[in-house]
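Enquirer: Data file work20.txt (compact mmCIF, C-alpha atoms) is appended below.
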```txt
# COMPACT_ATOMS: atom_id res chain seq x y z
CA MET U 1 9.37 -3.26 14.76
CA LYS U 2 6.10 -4.13 13.08
CA THR U 3 2.93 -2.72 14.56
CA PRO U 4 0.25 -5.39 14.04
CA LEU U 5 -3.11 -4.30 12.71
CA ARG U 6 -5.98 -4.17 15.16
CA VAL U 7 -9.58 -3.47 14.20
CA ALA U 8 -12.18 -2.45 16.77
CA GLU U 9 -15.88 -2.40 15.90
CA GLU U 10 -18.71 -0.58 17.60
CA SER U 11 -22.20 0.69 16.87
CA GLN U 12 -22.97 4.38 17.32
CA GLU U 13 -26.24 6.14 16.54
CA GLY U 14 -27.29 3.41 14.12
CA ALA U 15 -23.94 3.44 12.31
CA LYS U 16 -21.10 0.95 12.35
CA VAL U 17 -17.76 2.43 13.34
CA LEU U 18 -14.54 0.55 12.68
CA ARG U 19 -11.27 1.84 14.07
CA ALA U 20 -8.14 0.43 12.46
CA GLN U 21 -4.81 0.73 14.22
CA GLY U 22 -1.34 -0.28 13.03
CA GLU U 23 0.07 -1.11 9.61
CA LEU U 24 -2.43 -1.77 6.83
CA ASP U 25 -0.42 -3.61 4.21
CA LEU U 26 -0.14 -6.79 2.18
CA ALA U 27 0.31 -8.88 5.32
CA SER U 28 -2.60 -7.42 7.27
CA ALA U 29 -5.17 -6.16 4.76
CA GLY U 30 -7.29 -9.29 5.13
CA GLN U 31 -7.78 -8.53 8.82
CA LEU U 32 -9.66 -5.35 7.91
CA ARG U 33 -11.40 -6.69 4.80
CA ASP U 34 -13.67 -9.16 6.53
CA PRO U 35 -15.07 -6.92 9.28
CA LEU U 36 -15.35 -3.97 6.89
CA LEU U 37 -17.38 -5.82 4.27
CA ARG U 38 -19.47 -7.52 6.97
CA ALA U 39 -20.32 -4.13 8.48
CA PHE U 40 -22.63 -3.35 5.54
CA ASP U 41 -24.68 -6.53 5.90
CA SER U 42 -26.98 -5.22 8.63
CA ARG U 43 -27.74 -2.08 6.55
CA PRO U 44 -26.55 0.42 9.16
CA LYS U 45 -27.18 4.16 8.80
CA ALA U 46 -23.53 4.46 7.70
CA VAL U 47 -20.22 2.66 7.89
CA VAL U 48 -17.41 4.82 9.26
CA LEU U 49 -13.81 3.68 9.00
CA ASP U 50 -11.47 5.58 11.27
CA LEU U 51 -7.87 5.55 10.02
CA ALA U 52 -6.40 7.96 12.57
CA SER U 53 -4.09 5.29 14.00
CA ILE U 54 -2.94 3.81 10.70
CA LEU U 55 0.84 4.02 10.64
CA TYR U 56 1.44 2.59 7.19
CA LEU U 57 -0.65 2.00 4.07
CA ASP U 58 0.22 0.25 0.82
CA SER U 59 -1.75 -0.69 -2.29
CA ALA U 60 -3.10 -3.84 -0.63
CA GLY U 61 -4.59 -1.64 2.09
CA VAL U 62 -5.97 0.77 -0.50
CA ALA U 63 -7.59 -2.19 -2.26
CA VAL U 64 -9.55 -2.97 0.91
CA LEU U 65 -10.71 0.65 1.17
CA VAL U 66 -11.89 0.41 -2.45
CA GLU U 67 -13.66 -2.88 -1.75
CA GLY U 68 -15.52 -1.09 1.03
CA TYR U 69 -16.48 1.67 -1.39
CA LEU U 70 -17.85 -0.80 -3.92
CA LYS U 71 -19.77 -2.71 -1.24
CA ALA U 72 -21.23 0.56 0.05
CA LYS U 73 -22.47 1.47 -3.44
CA LYS U 74 -24.07 -1.93 -3.84
CA ALA U 75 -25.67 -1.87 -0.38
CA LYS U 76 -26.62 1.83 -0.75
CA VAL U 77 -25.09 2.55 2.65
CA PRO U 78 -22.99 5.72 3.18
CA TYR U 79 -19.31 4.91 3.70
CA ARG U 80 -17.04 7.51 5.24
CA LEU U 81 -13.37 7.64 6.13
CA THR U 82 -12.08 9.64 9.08
CA GLY U 83 -8.68 10.37 10.60
CA VAL U 84 -7.03 10.58 7.18
CA GLY U 85 -3.57 11.79 8.17
CA PRO U 86 -0.59 12.58 5.93
CA THR U 87 0.45 8.94 5.45
CA VAL U 88 -2.94 7.77 4.26
CA ARG U 89 -3.68 10.97 2.37
CA GLY U 90 -0.39 10.78 0.46
CA ILE U 91 -1.12 7.27 -0.80
CA LEU U 92 -4.73 8.09 -1.72
CA GLU U 93 -3.52 11.15 -3.60
CA MET U 94 -0.96 9.11 -5.48
CA ALA U 95 -3.64 6.55 -6.30
CA ARG U 96 -5.94 9.38 -7.49
CA LEU U 97 -8.58 8.22 -5.05
CA LEU U 98 -8.76 11.12 -2.65
CA GLU U 99 -11.84 12.55 -4.36
CA VAL U 100 -13.55 9.18 -4.54
CA PHE U 101 -14.06 8.70 -0.82
CA GLU U 102 -16.27 10.69 1.53
CA ILE U 103 -13.73 11.95 4.06
CA ARG U 104 -14.61 13.63 7.36
CA ASP U 105 -12.33 15.07 10.02
CA ASP U 106 -13.50 12.77 12.79
CA VAL U 107 -16.05 10.12 13.70
CA ALA U 108 -18.49 12.62 15.25
CA ARG U 109 -18.70 14.55 11.97
CA ALA U 110 -18.96 11.35 9.95
CA LEU U 111 -22.00 10.28 11.97
CA THR U 112 -23.87 13.44 11.09
CA GLY U 113 -23.45 13.05 7.34
CA MET O 1 21.93 -6.74 -0.14
CA LEU O 2 18.62 -7.26 1.61
CA ALA O 3 17.11 -10.70 1.29
CA GLY O 4 14.33 -12.71 2.85
CA PRO O 5 11.59 -15.19 2.06
CA ALA O 6 9.16 -13.85 -0.53
CA GLU O 7 6.27 -13.86 1.93
CA ALA O 8 3.84 -11.14 2.96
CA ARG O 9 4.73 -11.49 6.63
CA THR O 10 8.41 -10.73 6.06
CA LEU O 11 8.00 -7.89 3.56
CA GLY O 12 7.43 -5.21 6.19
CA GLY O 13 10.62 -6.16 8.03
CA LEU O 14 12.68 -5.83 4.84
CA ARG O 15 11.03 -2.48 4.14
CA ARG O 16 11.97 -1.22 7.59
CA GLN O 17 15.56 -2.38 7.08
CA LEU O 18 15.69 -0.44 3.83
CA ASP O 19 14.15 2.61 5.48
CA ARG O 20 16.73 2.50 8.28
CA PHE O 21 19.64 2.02 5.89
CA LEU O 22 18.63 5.00 3.74
CA ARG O 23 18.05 7.30 6.71
CA GLU O 24 21.35 6.35 8.34
CA ALA O 25 23.08 6.98 5.02
CA GLY O 26 21.74 10.54 5.04
CA PHE O 27 19.10 10.10 2.32
CA SER O 28 16.25 12.59 2.64
CA ALA O 29 13.22 11.63 4.74
CA GLU O 30 10.89 12.26 1.80
CA GLY O 31 13.01 10.23 -0.59
CA THR O 32 13.32 7.42 1.93
CA THR O 33 9.55 7.19 2.44
CA ALA O 34 8.96 7.19 -1.31
CA LEU O 35 11.57 4.55 -2.04
CA ALA O 36 10.37 2.36 0.83
CA LEU O 37 6.87 2.50 -0.68
CA ALA O 38 8.24 1.55 -4.10
CA PHE O 39 10.07 -1.35 -2.50
CA GLN O 40 6.92 -2.47 -0.65
CA GLU O 41 4.94 -2.51 -3.89
CA ALA O 42 7.67 -4.23 -5.90
CA GLY O 43 8.08 -6.86 -3.18
CA ALA O 44 4.32 -7.36 -3.04
CA ASN O 45 4.30 -7.99 -6.80
CA VAL O 46 7.03 -10.61 -6.47
CA ILE O 47 5.05 -12.31 -3.69
CA ARG O 48 1.64 -12.07 -5.38
CA HIS O 49 2.83 -13.45 -8.67
CA GLY O 50 4.99 -16.16 -7.13
CA ARG O 51 8.03 -15.06 -9.08
CA GLY O 52 10.53 -16.55 -6.65
CA GLU O 53 10.99 -17.99 -3.19
CA THR O 54 13.41 -15.30 -2.09
CA LEU O 55 13.11 -11.57 -2.33
CA ARG O 56 16.54 -10.06 -3.04
CA VAL O 57 17.22 -6.37 -3.22
CA THR O 58 20.45 -4.42 -3.55
CA VAL O 59 20.73 -0.74 -2.75
CA GLU O 60 23.44 1.61 -3.98
CA LEU O 61 23.86 5.27 -3.25
CA GLU O 62 25.48 7.17 -6.09
CA GLY O 63 25.97 10.90 -5.79
CA GLY O 64 22.72 11.75 -4.05
CA GLU O 65 20.73 9.12 -5.89
CA ALA O 66 19.56 5.78 -4.51
CA VAL O 67 19.39 2.86 -6.91
CA LEU O 68 17.27 -0.05 -5.78
CA ARG O 69 17.55 -3.29 -7.71
CA VAL O 70 14.84 -5.89 -7.10
CA HIS O 71 16.38 -9.05 -8.45
CA ASP O 72 14.51 -11.76 -10.32
CA TYR O 73 11.50 -9.47 -10.65
CA CYS O 74 9.98 -11.18 -13.66
CA GLY O 75 10.82 -13.17 -16.77
CA GLU O 76 11.27 -11.68 -20.23
CA LYS O 77 7.84 -12.93 -21.23
CA ASN O 78 6.33 -10.82 -18.44
CA ALA O 79 7.65 -7.47 -19.66
CA ALA O 80 4.10 -6.14 -19.23
CA CYS O 81 4.82 -6.21 -15.49
CA LEU O 82 5.90 -2.57 -15.90
CA SER O 83 2.42 -1.48 -16.93
CA ALA O 84 1.64 1.44 -14.66
CA GLU O 85 -1.69 2.99 -15.52
CA PRO O 86 -4.13 2.99 -12.62
CA PRO O 87 -7.25 0.99 -13.45
CA ALA O 88 -9.64 2.97 -15.66
CA GLN O 89 -12.55 1.59 -13.69
CA LEU O 90 -12.50 1.72 -9.93
CA ARG O 91 -11.64 -1.72 -8.66
CA PRO O 92 -9.49 -3.17 -5.90
CA GLY O 93 -5.95 -3.89 -7.00
CA GLY O 94 -3.87 -2.88 -9.99
CA LEU O 95 -2.29 0.10 -8.25
CA GLY O 96 1.10 -1.30 -7.28
CA MET O 97 3.09 -0.38 -10.38
CA HIS O 98 1.40 3.00 -10.56
CA LEU O 99 2.58 3.73 -6.99
CA ILE O 100 6.08 2.53 -7.89
CA ARG O 101 6.26 4.89 -10.85
CA SER O 102 4.73 7.76 -8.88
CA SER O 103 7.19 7.45 -6.01
CA THR O 104 10.41 7.07 -8.02
CA ASP O 105 12.23 9.12 -10.64
CA ASP O 106 12.80 6.14 -12.88
CA ALA O 107 11.65 2.52 -12.97
CA ARG O 108 12.83 0.10 -15.60
CA LEU O 109 13.53 -3.56 -16.21
CA GLU O 110 17.10 -4.67 -16.80
CA PRO O 111 18.27 -8.14 -17.83
CA GLU O 112 20.10 -10.32 -15.33
CA GLU O 113 21.84 -13.63 -15.58
CA GLY O 114 19.56 -16.56 -16.31
CA GLY O 115 17.22 -14.65 -18.61
CA ARG O 116 15.40 -12.98 -15.75
CA LEU O 117 14.72 -9.27 -15.36
CA ALA O 118 15.51 -7.02 -12.41
CA LEU O 119 13.34 -4.04 -11.57
CA VAL O 120 15.66 -1.06 -11.14
CA LEU O 121 14.30 1.95 -9.28
CA ARG O 122 16.04 5.31 -9.01
CA LYS O 123 15.27 8.15 -6.64
CA ARG O 124 17.14 11.38 -5.98
CA SER O 125 17.54 12.36 -2.34
```
Would you write the structure of this file as structure tokens?
Expert:
Amino acid sequence: MKTPLRVAEESQEGAKVLRAQGELDLASAGQLRDPLLRAFDSRPKAVVLDLASILYLDSAGVAVLVEGYLKAKKAKVPYRLTGVGPTVRGILEMARLLEVFEIRDDVARALTG
Amino acid sequence: MLAGPAEARTLGGLRRQLDRFLREAGFSAEGTTALALAFQEAGANVIRHGRGETLRVTVELEGGEAVLRVHDYCGEKNAACLSAEPPAQLRPGGLGMHLIRSSTDDARLEPEEGGRLALVLRKRS
């Protein structure tokens, strides 16, 4: 049974926090891409993407995470990932991207830098 | 044989069918997860590059090894579709074949009827 992707957005302490839940794959990656890239437009203190409830990740999902990274560099806004569990970590390791992203244990830590 | 429309919305369902089949057949959990990822990426390539209207995959278990055959994967002129190096410069995309190679023991193209090539993936349990 497919778990559809849901993305919740909120502002916390001047940062944008996005929480993604479900399967982040070829079929759903576009649903995260738009709100993630848009989150940088208002120049927040940081953009935090919480992946704690991501159940599946493929290369299309990784591509969106990379797009976020590139947008963050361009906008000069810190971009941090949280809730990186074994599923997400395994794919990022395989893609040799684990060291590229700023990864924090949870949203509270990501908000402090 | 697993088969369905070569569309993004149906790919996940086929992947879950494959996952269930392998687990019920006693294939290891680690091997199943890896092969399901390889299937997801191979299927995504078929869909992205419009290589066919139907995604067809056969699975065989041979002495502790699973052999996954993604039919009609590409034409002979597209033999570069096995290129697997991750992009030298960080950019979105270009990771699919690298993930396929990283999650399987062997990935190669084999000719099929009609001059097309199948992508054959092997993984030990």
Enquirer: Can you measure CA of Ser53 in chain U to CA of Glu99 in chain U for me? One decimal in Å is fine.
Expert: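 Distance reported for this atom pair: 21.2 Å.
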Enquirer: Counting all atoms listed in the file, which of O:Leu82, O:Ala29, O:Ala107, O:Ala38 gets nearest to Ser59 in chain U?
Expert: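 Closest to Ser59 in chain U of all the choices is O:Ala38.
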Enquirer: Just checking: using only C-alpha atoms, which residue out of U:Glu67, U:Glu9, U:Asp105, U:Asp34 ends up closest to chain O?
Expert: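 The closest residue to chain O is U:Glu67.
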Enquirer: For the interface of chain O with chain U (cut-off 10 Å, counting only C-alpha atoms), please tabulate each contacting residue of chain O alongside its nearest pair of atoms and their separation in Å to one decimal, rows sorted by chain and increasing number, as a tab-separated table.
Expert:
```
residue	atom	partner	partner_atom	distance
O:Glu7	CA	U:Ala27	CA	8.5
O:Ala8	CA	U:Ala27	CA	4.8
O:Arg9	CA	U:Ala27	CA	5.3
O:Thr10	CA	U:Ala27	CA	8.3
O:Leu11	CA	U:Ala27	CA	8.0
O:Gly12	CA	U:Lys2	CA	7.1
O:Gly13	CA	U:Lys2	CA	7.1
O:Arg16	CA	U:Met1	CA	7.9
O:Gln17	CA	U:Met1	CA	9.9
O:Thr33	CA	U:Thr87	CA	9.7
O:Leu37	CA	U:Asp58	CA	7.2
O:Ala38	CA	U:Asp58	CA	9.5
O:Gln40	CA	U:Asp58	CA	7.4
O:Glu41	CA	U:Ser59	CA	7.1
O:Gly43	CA	U:Leu26	CA	9.8
O:Ala44	CA	U:Leu26	CA	6.9
O:Ile47	CA	U:Leu26	CA	9.6
O:Arg48	CA	U:Leu26	CA	9.4
O:Pro86	CA	U:Ala95	CA	7.3
O:Pro87	CA	U:Ala95	CA	9.8
O:Leu90	CA	U:Val66	CA	7.6
O:Arg91	CA	U:Val66	CA	6.6
O:Pro92	CA	U:Ala63	CA	4.2
O:Gly93	CA	U:Ala63	CA	5.3
O:Gly94	CA	U:Ser59	CA	8.3
O:Leu95	CA	U:Ser59	CA	6.0
O:Gly96	CA	U:Ser59	CA	5.8
O:Met97	CA	U:Ser59	CA	9.4
O:His98	CA	U:Ala95	CA	7.5
O:Leu99	CA	U:Met94	CA	6.6
O:Ile100	CA	U:Met94	CA	9.9
O:Arg101	CA	U:Met94	CA	9.9
O:Ser102	CA	U:Met94	CA	6.8
O:Ser103	CA	U:Met94	CA	8.3
```
Enquirer: Would you work out the distance separating CA of Val70 in chain O from CA of Glu30 in chain O, expressed in Å to one decimal?
Expert: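 Taking CA of Val70 in chain O as the start and CA of Glu30 in chain O as the end point, the length is 20.6 Å.
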Enquirer: Excluding Val84 in chain U and its own-chain neighbours fewer than 3 positions away, which residues fall within 8 Å of it when counting all atoms listed in the file? Please give them as a PyMOL selection string.
Expert: chain U and resi 50-52+81+87-89+103+105
Enquirer: For Met1 in chain O, please output as an mmCIF file with C-alpha atoms, in the frame of the given file all residues within 9 Å (counting all atoms listed in the file; exclusion window: fewer than 5 positions along the same chain).
Expert:
```cif
data_model
loop_
_atom_site.group_PDB
_atom_site.id
_atom_site.type_symbol
_atom_site.label_atom_id
_atom_site.label_comp_id
_atom_site.auth_asym_id
_atom_site.auth_seq_id
_atom_site.Cartn_x
_atom_site.Cartn_y
_atom_site.Cartn_z
ATOM 1 C CA ARG O 56 16.540 -10.060 -3.040
ATOM 2 C CA VAL O 57 17.220 -6.370 -3.220
ATOM 3 C CA THR O 58 20.450 -4.420 -3.550
ATOM 4 C CA VAL O 59 20.730 -0.740 -2.750
#
```
Enquirer: Quick one: residues within 12 Å of Glu10 in chain U, only C-alpha atoms counted, chain neighbours fewer than 3 positions away excluded, as a compact mmCIF listing (two decimals) with C-alpha atoms, in the coordinates of the input?
Expert:
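So the final result, stored in part.txt, reads:
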```txt
# COMPACT_ATOMS: atom_id res chain seq x y z
CA VAL U 7 -9.58 -3.47 14.20
CA GLU U 13 -26.24 6.14 16.54
CA GLY U 14 -27.29 3.41 14.12
CA ALA U 15 -23.94 3.44 12.31
CA LYS U 16 -21.10 0.95 12.35
CA VAL U 17 -17.76 2.43 13.34
CA LEU U 18 -14.54 0.55 12.68
CA ARG U 19 -11.27 1.84 14.07
CA ALA U 20 -8.14 0.43 12.46
CA PRO U 35 -15.07 -6.92 9.28
CA LEU U 36 -15.35 -3.97 6.89
CA ALA U 39 -20.32 -4.13 8.48
CA PRO U 44 -26.55 0.42 9.16
CA VAL U 47 -20.22 2.66 7.89
CA VAL U 48 -17.41 4.82 9.26
CA LEU U 49 -13.81 3.68 9.00
CA ASP U 50 -11.47 5.58 11.27
CA VAL U 107 -16.05 10.12 13.70
```
Enquirer: Work out how far apart CA of Thr54 in chain O and CA of Gly115 in chain O are and give it in Å to one decimal.
Expert: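 Result for CA of Thr54 in chain O versus CA of Gly115 in chain O: 17.0 Å, one decimal.
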Enquirer: If you count only C-alpha atoms, which residues fall within 10 Å of Val67 in chain O, apart from same-chain ones fewer than 4 positions away, as a list of chain:residue names?
Expert: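 Residues meeting the cut-off are O:Leu35, O:Thr58, O:Val59, O:Glu60, O:Leu61, O:Glu62, O:Thr104, O:Asp106, O:Ala107, O:Val120, O:Leu121, O:Arg122, O:Lys123, O:Arg124.
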Enquirer: At a cut-off of 8 Å, using only C-alpha atoms, what residues contact Ser125 in chain O? Leave out same-chain residues fewer than 5 positions from it and give the result as a list in words.
Expert: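 The filter keeps Phe27, Ser28, Glu30, Gly31, Thr32, Gly64, Glu65 and Ala66 of chain O.
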Enquirer: Go ahead and save the picked residues with C-alpha atoms, as an mmCIF file, in the coordinates of the input.
Expert:
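Result went into out-v1.cif, see below:
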```
data_model
loop_
_atom_site.group_PDB
_atom_site.id
_atom_site.type_symbol
_atom_site.label_atom_id
_atom_site.label_comp_id
_atom_site.auth_asym_id
_atom_site.auth_seq_id
_atom_site.Cartn_x
_atom_site.Cartn_y
_atom_site.Cartn_z
ATOM 1 C CA PHE O 27 19.100 10.100 2.320
ATOM 2 C CA SER O 28 16.250 12.590 2.640
ATOM 3 C CA GLU O 30 10.890 12.260 1.800
ATOM 4 C CA GLY O 31 13.010 10.230 -0.590
ATOM 5 C CA THR O 32 13.320 7.420 1.930
ATOM 6 C CA GLY O 64 22.720 11.750 -4.050
ATOM 7 C CA GLU O 65 20.730 9.120 -5.890
ATOM 8 C CA ALA O 66 19.560 5.780 -4.510
#
```
Enquirer: Using only C-alpha atoms, which of the listed residues (O:Leu117, O:Leu55, O:Asn45, O:Asp105) sits closest to Gly75 in chain O?
Expert: O:Leu117
Enquirer: If I only have part of range 66-84 of chain U, can you fill in N, CA and C atoms and write it as a PDB file, in the frame of the given file?
Expert:
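As a result, part_38.pdb now contains:
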```pdb
ATOM      1  N   VAL U  66     -11.096   0.374  -1.218  1.00  0.00           N
ATOM      2  CA  VAL U  66     -11.890   0.410  -2.450  1.00  0.00           C
ATOM      3  C   VAL U  66     -12.986  -0.671  -2.409  1.00  0.00           C
ATOM      4  N   GLU U  67     -12.647  -1.834  -1.891  1.00  0.00           N
ATOM      5  CA  GLU U  67     -13.660  -2.880  -1.750  1.00  0.00           C
ATOM      6  C   GLU U  67     -14.817  -2.385  -0.874  1.00  0.00           C
ATOM      7  N   GLY U  68     -14.491  -1.679   0.175  1.00  0.00           N
ATOM      8  CA  GLY U  68     -15.520  -1.090   1.030  1.00  0.00           C
ATOM      9  C   GLY U  68     -16.389  -0.119   0.252  1.00  0.00           C
ATOM     10  N   TYR U  69     -15.748   0.695  -0.575  1.00  0.00           N
ATOM     11  CA  TYR U  69     -16.480   1.670  -1.390  1.00  0.00           C
ATOM     12  C   TYR U  69     -17.465   0.964  -2.325  1.00  0.00           C
ATOM     13  N   LEU U  70     -16.999  -0.082  -2.971  1.00  0.00           N
ATOM     14  CA  LEU U  70     -17.850  -0.800  -3.920  1.00  0.00           C
ATOM     15  C   LEU U  70     -19.002  -1.505  -3.197  1.00  0.00           C
ATOM     16  N   LYS U  71     -18.705  -2.048  -2.014  1.00  0.00           N
ATOM     17  CA  LYS U  71     -19.770  -2.710  -1.240  1.00  0.00           C
ATOM     18  C   LYS U  71     -20.798  -1.680  -0.779  1.00  0.00           C
ATOM     19  N   ALA U  72     -20.326  -0.505  -0.402  1.00  0.00           N
ATOM     20  CA  ALA U  72     -21.230   0.560   0.050  1.00  0.00           C
ATOM     21  C   ALA U  72     -22.178   0.980  -1.074  1.00  0.00           C
ATOM     22  N   LYS U  73     -21.635   1.103  -2.282  1.00  0.00           N
ATOM     23  CA  LYS U  73     -22.470   1.470  -3.440  1.00  0.00           C
ATOM     24  C   LYS U  73     -23.549   0.418  -3.663  1.00  0.00           C
ATOM     25  N   LYS U  74     -23.141  -0.831  -3.587  1.00  0.00           N
ATOM     26  CA  LYS U  74     -24.070  -1.930  -3.840  1.00  0.00           C
ATOM     27  C   LYS U  74     -25.150  -1.994  -2.759  1.00  0.00           C
ATOM     28  N   ALA U  75     -24.731  -1.778  -1.515  1.00  0.00           N
ATOM     29  CA  ALA U  75     -25.670  -1.870  -0.380  1.00  0.00           C
ATOM     30  C   ALA U  75     -26.432  -0.556  -0.173  1.00  0.00           C
ATOM     31  N   LYS U  76     -26.012   0.491  -0.899  1.00  0.00           N
ATOM     32  CA  LYS U  76     -26.620   1.830  -0.750  1.00  0.00           C
ATOM     33  C   LYS U  76     -26.533   2.308   0.705  1.00  0.00           C
ATOM     34  N   VAL U  77     -25.373   2.104   1.275  1.00  0.00           N
ATOM     35  CA  VAL U  77     -25.090   2.550   2.650  1.00  0.00           C
ATOM     36  C   VAL U  77     -23.956   3.570   2.574  1.00  0.00           C
ATOM     37  N   PRO U  78     -24.103   4.751   3.178  1.00  0.00           N
ATOM     38  CA  PRO U  78     -22.990   5.720   3.180  1.00  0.00           C
ATOM     39  C   PRO U  78     -21.731   5.120   3.826  1.00  0.00           C
ATOM     40  N   TYR U  79     -20.594   5.469   3.244  1.00  0.00           N
ATOM     41  CA  TYR U  79     -19.310   4.910   3.700  1.00  0.00           C
ATOM     42  C   TYR U  79     -18.347   6.087   3.818  1.00  0.00           C
ATOM     43  N   ARG U  80     -17.881   6.335   5.023  1.00  0.00           N
ATOM     44  CA  ARG U  80     -17.040   7.510   5.240  1.00  0.00           C
ATOM     45  C   ARG U  80     -15.731   7.131   5.926  1.00  0.00           C
ATOM     46  N   LEU U  81     -14.682   7.821   5.512  1.00  0.00           N
ATOM     47  CA  LEU U  81     -13.370   7.640   6.130  1.00  0.00           C
ATOM     48  C   LEU U  81     -13.094   8.826   7.045  1.00  0.00           C
ATOM     49  N   THR U  82     -12.477   8.557   8.178  1.00  0.00           N
ATOM     50  CA  THR U  82     -12.080   9.640   9.080  1.00  0.00           C
ATOM     51  C   THR U  82     -10.618   9.432   9.503  1.00  0.00           C
ATOM     52  N   GLY U  83     -10.053  10.471  10.101  1.00  0.00           N
ATOM     53  CA  GLY U  83      -8.680  10.370  10.600  1.00  0.00           C
ATOM     54  C   GLY U  83      -7.670  10.154   9.485  1.00  0.00           C
ATOM     55  N   VAL U  84      -7.929  10.770   8.333  1.00  0.00           N
ATOM     56  CA  VAL U  84      -7.030  10.580   7.180  1.00  0.00           C
ATOM     57  C   VAL U  84      -5.825  11.520   7.344  1.00  0.00           C
TER      58      VAL U  84
END
```
